[in-house]
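Heads up: the structure comes next, in structure tokens.
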Amino acid sequence: MAKSARWSETWFRRGLWLVAVVFASFLIGLGSSVVDDLPRVEQRLETDNFLDLAQVQPLRAQQQRLQTAQRQAIEARDQAQLQWQQARSDTQVARDSFNSWIATRSATQRSEQDPEVMQRNQALEQLRQAERTAQQALQDQEQALLNARQQAAQVSQQLAEMEDAARQKLHQAERAQELRVFLYRLAITLPLLVLAGWLFVKKRKSTWWPFVWGFIFFALFAFFVELVPYLPSYGGYVRSLVGIVLTVLVGRWAIGALQRYLERQRQAESLPANQRRTQLTYDKAWTYLSKGVCPGCERAVDLKDGVTDYCPHCGIGLFEKCPACQARTSSFAKFCYRCGAAAPAPVALEPEAPPASADR
């Protein structure tokens, strides 16, 4: 069976759904711009915002001076080391030369060379003294470098302790700021979601339904895309609790809706079949029939076997004979498909009153 909707009406509805999607896309673009700009309301936080600059600035200046002193001490130490190595090398060469000369002198035993021995020994002693002086200079530079490093380590330790405390305060402030920004987003998206729920209940079938559904799509996107990802975590507790609450609320609504639907179906199925037919709209009935579903109880029925005239589940009439040509036609058709005769309008029957119970 074909659906009852007209071909033009079907394409018009598809175009209106396109209008709803386009309308929602522009609303989403506007909402995204607003939500993205919300963090600008809050001041950007840094570690320096939580430091006592009156104490920190002198320490940082001292740290820079000590770092400069360390670099200078390293350069001076390197120069002193080179000078000490050069002096030590000169002393070693002079000592080797002196020893060779002494050995030669012992072999010749020339007494006139005694003043020269003293002169060479004195020159060697001067080189040794220069070596010791260079070594002392190297030790002084190493001591200066060690002092600068120790002072820099002390200053760095003080700064690290102060910055660690500031970072903890920064972390707490950022979490508080994150919560405030989330509340800003919630203050914007929650009313939209409430309004979308009201529109869904009251206006989704109105004349302006494309704009209603476009706004509903926008509100759902704003809530689940623009709000939920920014939900503060706090170790996962907040998100888990919010997820539990939302699941419970949606589950309660779904269970309640199912119970109400089943109750309405039970009440409808308790009415006479002719009266139930009067409560079904033409389009709704043909929509169900086109899907092989009984319009009265919404259960599956084989409508193509050619013999099923009544629903085996609720007893509502599905097919009947045309009073003009006796053709088997749908009970919900307005005209006979064979002869075009108008179908008789169903008559609503009053439900029978239950029999009075007999007195005992």
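Identifiers for the structure tokens are assigned positionally: chains receive A, B, ... in sequence, residues are indexed from 1 per chain, and ligands are indexed from 1 in the order shown.
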
Please provide as an mmCIF file with N, CA and C atoms, in the first residue's frame all residues within 12 Å of Gln168 in chain A, with the sequence filter that same-chain residues fewer than 5 positions apart are discarded (counting only C-alpha atoms).
```
data_model
loop_
_atom_site.group_PDB
_atom_site.id
_atom_site.type_symbol
_atom_site.label_atom_id
_atom_site.label_comp_id
_atom_site.auth_asym_id
_atom_site.auth_seq_id
_atom_site.Cartn_x
_atom_site.Cartn_y
_atom_site.Cartn_z
ATOM 1 N N GLU A 46 48.295 33.687 35.442
ATOM 2 C CA GLU A 46 49.687 33.261 35.339
ATOM 3 C C GLU A 46 50.254 33.059 36.727
ATOM 4 N N THR A 47 51.424 32.416 36.777
ATOM 5 C CA THR A 47 52.043 32.143 38.075
ATOM 6 C C THR A 47 52.386 33.430 38.811
ATOM 7 N N ASN A 49 50.758 36.046 39.074
ATOM 8 C CA ASN A 49 49.616 36.624 39.763
ATOM 9 C C ASN A 49 49.535 36.173 41.221
ATOM 10 N N PHE A 50 50.220 35.101 41.564
ATOM 11 C CA PHE A 50 50.121 34.546 42.920
ATOM 12 C C PHE A 50 51.474 34.578 43.638
ATOM 13 N N LEU A 51 52.414 35.395 43.138
ATOM 14 C CA LEU A 51 53.722 35.564 43.769
ATOM 15 C C LEU A 51 53.813 36.942 44.409
ATOM 16 N N GLU A 161 60.602 27.138 45.733
ATOM 17 C CA GLU A 161 59.604 26.964 46.781
ATOM 18 C C GLU A 161 58.471 27.970 46.627
ATOM 19 N N MET A 162 58.830 29.219 46.353
ATOM 20 C CA MET A 162 57.801 30.239 46.183
ATOM 21 C C MET A 162 56.954 29.974 44.936
ATOM 22 N N GLU A 163 57.589 29.525 43.830
ATOM 23 C CA GLU A 163 56.855 29.255 42.602
ATOM 24 C C GLU A 163 55.989 28.002 42.729
ATOM 25 N N ALA A 173 42.974 28.319 41.287
ATOM 26 C CA ALA A 173 42.268 29.426 40.644
ATOM 27 C C ALA A 173 41.783 29.039 39.253
ATOM 28 N N GLU A 174 42.587 28.254 38.516
ATOM 29 C CA GLU A 174 42.175 27.827 37.183
ATOM 30 C C GLU A 174 40.966 26.911 37.260
ATOM 31 N N ARG A 175 40.927 26.029 38.244
ATOM 32 C CA ARG A 175 39.765 25.155 38.397
ATOM 33 C C ARG A 175 38.523 25.966 38.736
#
```

Neighbouring residues of Pro210 in chain A were defined as those with any atom within 12 Å, considering only C-alpha atoms; residues of the same chain fewer than 5 positions away were excluded. Please report them as a CSV table (one decimal) with C-alpha atoms, in the first residue's frame.
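For reference, out_6.csv as written:
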```csv
chain,number,residue,atom,x,y,z
A,12,PHE,CA,7.5,20.3,0.4
A,13,ARG,CA,8.1,18.6,3.7
A,14,ARG,CA,11.6,17.6,2.7
A,15,GLY,CA,12.3,21.2,1.7
A,16,LEU,CA,11.0,22.3,5.1
A,17,TRP,CA,13.2,19.9,6.8
A,18,LEU,CA,16.1,21.4,4.8
A,19,VAL,CA,15.0,24.8,6.1
A,20,ALA,CA,15.0,23.5,9.6
A,21,VAL,CA,18.6,22.1,9.2
A,22,VAL,CA,19.8,25.4,7.6
A,23,PHE,CA,18.2,27.5,10.3
A,24,ALA,CA,19.8,25.2,13.0
A,199,LEU,CA,8.7,23.8,21.9
A,200,PHE,CA,9.0,20.0,21.3
A,203,LYS,CA,4.8,23.4,19.0
A,204,ARG,CA,6.5,20.7,17.1
A,205,LYS,CA,3.4,20.1,14.9
A,215,PHE,CA,15.8,25.6,17.3
A,216,ILE,CA,15.5,22.1,18.9
A,217,PHE,CA,18.5,20.9,16.9
```

Would you mind listing what lies within 9 Å of Gln86 in chain A as a PDB file with C-alpha atoms, in the first residue's frame, with only C-alpha atoms counted and same-chain residues fewer than 5 positions away left out?
```pdb
ATOM      1  CA  GLN A  81      93.822  26.319  33.883  1.00  0.00           C
ATOM      2  CA  THR A  91     108.747  23.694  34.587  1.00  0.00           C
ATOM      3  CA  GLU A 131     103.687  27.146  38.309  1.00  0.00           C
ATOM      4  CA  ALA A 134      99.240  29.695  38.290  1.00  0.00           C
TER       5      ALA A 134
END
```
